[in-house]
Amino acid sequence: MIQFSNVTKIYNGNVKAVDDVNFTVQKGNISVFLGPSGCGKTTLLRMVNRLVPITDGTISINGTDTSSLNEIELRRKIGYVIQSNGLFPNMNIEENVCIVPKLLGWDRKKQRDRFNYLMDLVGLAPDEYRNRYPHELSGGQQQRVGIVRAMAADPPVMLMDEPFGALDPIIRTHIQNEFLQIQKEVQKTILFVSHDIDEAIKMGDRVAIFKDGKLMQYDSPAELLANPKNNFVRQFVGSDRAIKSLSLYTVADLLDQTKLKPVKNKLTTPRVSVDTNLREVLSTLFNGSESELLVEDHNKQVIGSLTIADVQNYLQSNSQTA
Ligand SMILES: Nc1ncnc2c1ncn2[C@@H]1O[C@H](COP(=O)(O)OP(=O)(O)OP(=O)(O)O)[C@@H](O)[C@H]1O
Ligand SMILES: [Mg+2]
């Protein structure tokens with residue numbers, strides 16, 4: 001658990017970058033810091049591992065005030081993915097990843113096993129990449145290595161500053177999905193900076209929206225979309241928040257309320273799984289030539305079909321919360 005209590009940062013005696021911020025991040029949750037450029041997201045993140053000194057207030061991790069801890073010890077327990085991936089250009093990929101494990105005195109085999117395990121996890125063949133240098137990787141691959149490095153020593157807390165920022169939309173979606181899959185297993189406490197509302201909705205258990213250093217709202221994505229607290233949040237979330245809220249629900253949720261229709265044509269219609277989110281379903285329906293989709297269960301068996309009307313009905317029946 002990470003607790004921010006009356007946290008303020010004033011740079012150079014006059015720039016108030018973070019202004020009296022209070023909120024708590026539960027253990028094992030992803031909390032997304034969201035807001036426009038310059039609103040204080042990076043500053044707040046860097047106060048957690050004390051790369052930026054706190055002007056006023058306290059940040060505590062599991063009840064311990066971070067200012068009472070030794071800085072080096074503190075940072076070893078916190079993985080940090082910086083805004084640009086921050087790999088060292090003169091070290092190869094394996095050396096980059098194993099910096100902290102090495103500092104912690106892990107033996108060679110343990111370091112290598114960890115490197116192999118994590119690289120596989122993010123879809124980079126360990127043997128293909130270990131001896132390469134960062135400039136020999138694409139931007140997206142470098143970002144993955146940045147994430148692997150932050151996870152290397154298995155820290156309970158991760159700070160991630162726009163970790164997927166440099167990726168094109170398709171790879172970005174893929175890595176977001178991969179990352180959420182990994183998080184299901186590892187259950188880290190993650191502070192994740194983004195300025196993209198869609199990413200925040202997808203990645204966050206909670207989303208903190210900031211404006212000029214002040215915390216505007218701290219809520220679950222569903223609550224944020226349903227009940228923006230003020231005009232700033234409403235504008236930031238966007239006028240299509242009903243559609244956005246569809247990404248929080250899957251076909252399986254819809255099936256709680258709707259009966260699928262029998263399948264007319266088994267061959268030509270595009271298919272979705274019960275785990276597909278409803279926003280994707282809608283976009284598949286809009287983009288395709290067919291007016292219905294086949295739904296597959298976890299065993300890839302077709303269990304029925306659905307149409308735009310089904311999604312519309314679902315949206316309307318949940319409209320008090322969307
Ligand atoms: N070292 C510094 N000295 C003085 N002012 C700073 C310093 N670092 C940041 N600031 C100021 O503090 C404010 C918050 O900056 P910060 O980098 O935390 O914003 P951000 O929300 O991460 O922005 P972005 O989305 O562009 O990364 C800005 O007004 C910035 O100019
Ligand atoms: Mg920043």
# chains A, B, ... in the order shown; residues from 1 in each chain; ligands from 1
$ select_by_dssp --residues "segment 239-321 of chain A" --states "strand (DSSP E or B)" --output "PyMOL selection string"
chain A and resi 250+261+271-273+277+292-296+302-307
$ write_last_selection --atoms "C-alpha atoms" --output "compact mmCIF listing (two decimals), in the first residue's frame"
# COMPACT_ATOMS: atom_id res chain seq x y z
CA THR A 250 -16.83 -8.10 -22.15
CA LYS A 261 -29.41 -15.50 -31.22
CA ARG A 271 -15.98 -14.20 -34.67
CA VAL A 272 -15.29 -12.79 -31.24
CA SER A 273 -14.57 -14.55 -27.95
CA ASN A 277 -14.52 -6.21 -24.72
CA GLU A 292 -23.82 -9.91 -36.83
CA LEU A 293 -20.89 -11.54 -35.08
CA LEU A 294 -20.41 -15.11 -33.95
CA VAL A 295 -19.46 -15.59 -30.33
CA GLU A 296 -17.02 -18.33 -29.30
CA VAL A 302 -19.63 -21.03 -31.48
CA ILE A 303 -22.38 -20.40 -28.92
CA GLY A 304 -24.52 -17.91 -30.84
CA SER A 305 -24.53 -14.56 -32.60
CA LEU A 306 -24.99 -10.94 -31.60
CA THR A 307 -25.79 -7.66 -33.36
$ residues_near_ligand --ligand "ligand 1" --cutoff "12 Å" --atoms "only C-alpha atoms and all ligand atoms" --output "ChimeraX atom specification"
/A:8-19,33-47,51-53,82-84,160-163,165,192-196,208-215
$ write_last_selection --atoms "N, CA and C atoms" --output "compact mmCIF listing (two decimals), in the first residue's frame"
# COMPACT_ATOMS: atom_id res chain seq x y z
N THR A 8 3.30 17.86 -1.40
CA THR A 8 3.50 19.08 -2.18
C THR A 8 4.93 19.14 -2.68
N LYS A 9 5.09 19.60 -3.95
CA LYS A 9 6.43 19.86 -4.47
C LYS A 9 6.50 21.26 -5.03
N ILE A 10 7.43 22.04 -4.51
CA ILE A 10 7.68 23.37 -5.06
C ILE A 10 9.12 23.39 -5.56
N TYR A 11 9.29 23.59 -6.87
CA TYR A 11 10.64 23.69 -7.44
C TYR A 11 11.13 25.13 -7.31
N ASN A 12 12.39 25.29 -6.98
CA ASN A 12 13.05 26.61 -6.97
C ASN A 12 12.26 27.66 -6.20
N GLY A 13 11.57 27.25 -5.17
CA GLY A 13 10.86 28.20 -4.32
C GLY A 13 9.63 28.83 -4.93
N ASN A 14 9.33 28.56 -6.22
CA ASN A 14 8.12 29.19 -6.77
C ASN A 14 7.25 28.34 -7.68
N VAL A 15 7.79 27.26 -8.30
CA VAL A 15 6.96 26.45 -9.20
C VAL A 15 6.27 25.33 -8.40
N LYS A 16 4.95 25.48 -8.20
CA LYS A 16 4.22 24.44 -7.45
C LYS A 16 3.83 23.34 -8.43
N ALA A 17 4.61 22.27 -8.48
CA ALA A 17 4.37 21.20 -9.45
C ALA A 17 3.36 20.19 -8.94
N VAL A 18 3.34 19.98 -7.61
CA VAL A 18 2.37 19.08 -6.99
C VAL A 18 1.81 19.80 -5.77
N ASP A 19 0.48 19.80 -5.65
CA ASP A 19 -0.16 20.69 -4.69
C ASP A 19 -1.07 19.92 -3.72
N PHE A 33 -1.69 7.62 -13.18
CA PHE A 33 -1.66 9.09 -13.03
C PHE A 33 -1.92 9.67 -14.42
N LEU A 34 -3.00 10.44 -14.51
CA LEU A 34 -3.44 10.94 -15.81
C LEU A 34 -3.56 12.46 -15.77
N GLY A 35 -3.23 13.10 -16.87
CA GLY A 35 -3.40 14.56 -16.92
C GLY A 35 -2.55 15.16 -18.00
N PRO A 36 -2.79 16.44 -18.33
CA PRO A 36 -2.07 17.08 -19.42
C PRO A 36 -0.58 17.29 -19.10
N SER A 37 0.19 17.56 -20.12
CA SER A 37 1.62 17.81 -19.96
C SER A 37 1.85 18.90 -18.92
N GLY A 38 2.78 18.65 -18.00
CA GLY A 38 3.15 19.65 -17.01
C GLY A 38 2.29 19.65 -15.76
N CYS A 39 1.36 18.69 -15.62
CA CYS A 39 0.47 18.71 -14.46
C CYS A 39 1.10 18.07 -13.22
N GLY A 40 2.31 17.53 -13.36
CA GLY A 40 3.03 17.05 -12.17
C GLY A 40 3.13 15.54 -12.03
N LYS A 41 2.78 14.78 -13.08
CA LYS A 41 2.77 13.32 -12.99
C LYS A 41 4.16 12.74 -12.70
N THR A 42 5.14 13.16 -13.51
CA THR A 42 6.49 12.63 -13.34
C THR A 42 7.06 13.05 -11.98
N THR A 43 6.79 14.29 -11.61
CA THR A 43 7.27 14.79 -10.32
C THR A 43 6.75 13.93 -9.18
N LEU A 44 5.46 13.63 -9.21
CA LEU A 44 4.85 12.83 -8.15
C LEU A 44 5.47 11.43 -8.10
N LEU A 45 5.67 10.87 -9.28
CA LEU A 45 6.26 9.53 -9.38
C LEU A 45 7.67 9.51 -8.78
N ARG A 46 8.45 10.52 -9.14
CA ARG A 46 9.85 10.55 -8.70
C ARG A 46 10.00 10.92 -7.24
N MET A 47 8.93 11.43 -6.64
CA MET A 47 9.00 11.66 -5.19
C MET A 47 8.89 10.33 -4.43
N LEU A 51 13.84 10.45 -6.03
CA LEU A 51 14.71 11.10 -7.01
C LEU A 51 14.39 12.59 -7.01
N VAL A 52 13.18 12.94 -6.59
CA VAL A 52 12.80 14.34 -6.36
C VAL A 52 12.46 14.47 -4.87
N PRO A 53 13.12 15.37 -4.16
CA PRO A 53 12.82 15.54 -2.74
C PRO A 53 11.43 16.15 -2.53
N ILE A 82 11.65 4.76 -16.79
CA ILE A 82 11.60 6.20 -16.98
C ILE A 82 10.96 6.55 -18.32
N GLN A 83 10.61 7.85 -18.45
CA GLN A 83 9.76 8.30 -19.56
C GLN A 83 10.34 7.91 -20.93
N SER A 84 11.64 8.16 -21.15
CA SER A 84 12.29 7.55 -22.32
C SER A 84 12.99 6.33 -21.72
N MET A 160 6.11 3.47 -13.38
CA MET A 160 6.23 3.38 -14.85
C MET A 160 5.77 4.69 -15.47
N ASP A 161 6.71 5.42 -16.06
CA ASP A 161 6.41 6.74 -16.59
C ASP A 161 6.18 6.65 -18.10
N GLU A 162 4.93 6.65 -18.52
CA GLU A 162 4.56 6.50 -19.93
C GLU A 162 5.37 5.39 -20.59
N PRO A 163 5.30 4.17 -20.03
CA PRO A 163 6.19 3.11 -20.51
C PRO A 163 5.91 2.68 -21.95
N GLY A 165 4.72 4.83 -24.28
CA GLY A 165 4.53 6.08 -24.99
C GLY A 165 5.03 6.07 -26.42
N PHE A 192 1.48 4.18 -12.62
CA PHE A 192 1.62 4.15 -14.07
C PHE A 192 1.20 5.50 -14.63
N VAL A 193 2.15 6.23 -15.22
CA VAL A 193 1.82 7.55 -15.76
C VAL A 193 1.35 7.43 -17.21
N SER A 194 0.30 8.17 -17.53
CA SER A 194 -0.18 8.20 -18.91
C SER A 194 -0.82 9.56 -19.17
N HIS A 195 -0.87 9.98 -20.44
CA HIS A 195 -1.74 11.12 -20.69
C HIS A 195 -2.87 10.73 -21.63
N ASP A 196 -3.05 9.39 -21.74
CA ASP A 196 -4.04 8.85 -22.68
C ASP A 196 -5.18 8.22 -21.88
N ALA A 208 -5.99 8.45 -11.20
CA ALA A 208 -5.86 9.75 -10.54
C ALA A 208 -5.70 10.80 -11.63
N ILE A 209 -6.65 11.75 -11.69
CA ILE A 209 -6.55 12.80 -12.71
C ILE A 209 -6.04 14.08 -12.07
N PHE A 210 -4.99 14.65 -12.66
CA PHE A 210 -4.37 15.86 -12.12
C PHE A 210 -4.54 17.05 -13.06
N LYS A 211 -4.61 18.22 -12.43
CA LYS A 211 -4.58 19.48 -13.19
C LYS A 211 -3.73 20.45 -12.38
N ASP A 212 -2.74 21.04 -13.00
CA ASP A 212 -1.87 22.01 -12.31
C ASP A 212 -1.41 21.52 -10.94
N GLY A 213 -1.03 20.26 -10.86
CA GLY A 213 -0.50 19.73 -9.61
C GLY A 213 -1.55 19.31 -8.60
N LYS A 214 -2.81 19.61 -8.88
CA LYS A 214 -3.88 19.25 -7.94
C LYS A 214 -4.58 17.97 -8.39
N LEU A 215 -4.94 17.12 -7.41
CA LEU A 215 -5.68 15.90 -7.72
C LEU A 215 -7.15 16.26 -7.91
$ atom_distance --atom1 "atom CA of Asp275 of chain A" --atom2 "atom CA of Val122 of chain A"
21.3 Å
$ atom_distance --atom1 "atom CA of Thr24 of chain A" --atom2 "atom CA of Ile2 of chain A"
5.7 Å
$ closest_residue --among "A:His298, A:Arg241, A:Lys102, A:Arg172" --to "Ala152 of chain A" --atoms "only C-alpha atoms"
A:Lys102
$ closest_residue --among "A:Asn70, A:Ser220, A:Gln316, A:Ser291" --to "Arg50 of chain A" --atoms "only C-alpha atoms"
A:Asn70
$ atom_distance --atom1 "atom CA of Met151 of chain A" --atom2 "atom CA of Val207 of chain A"
22.2 Å
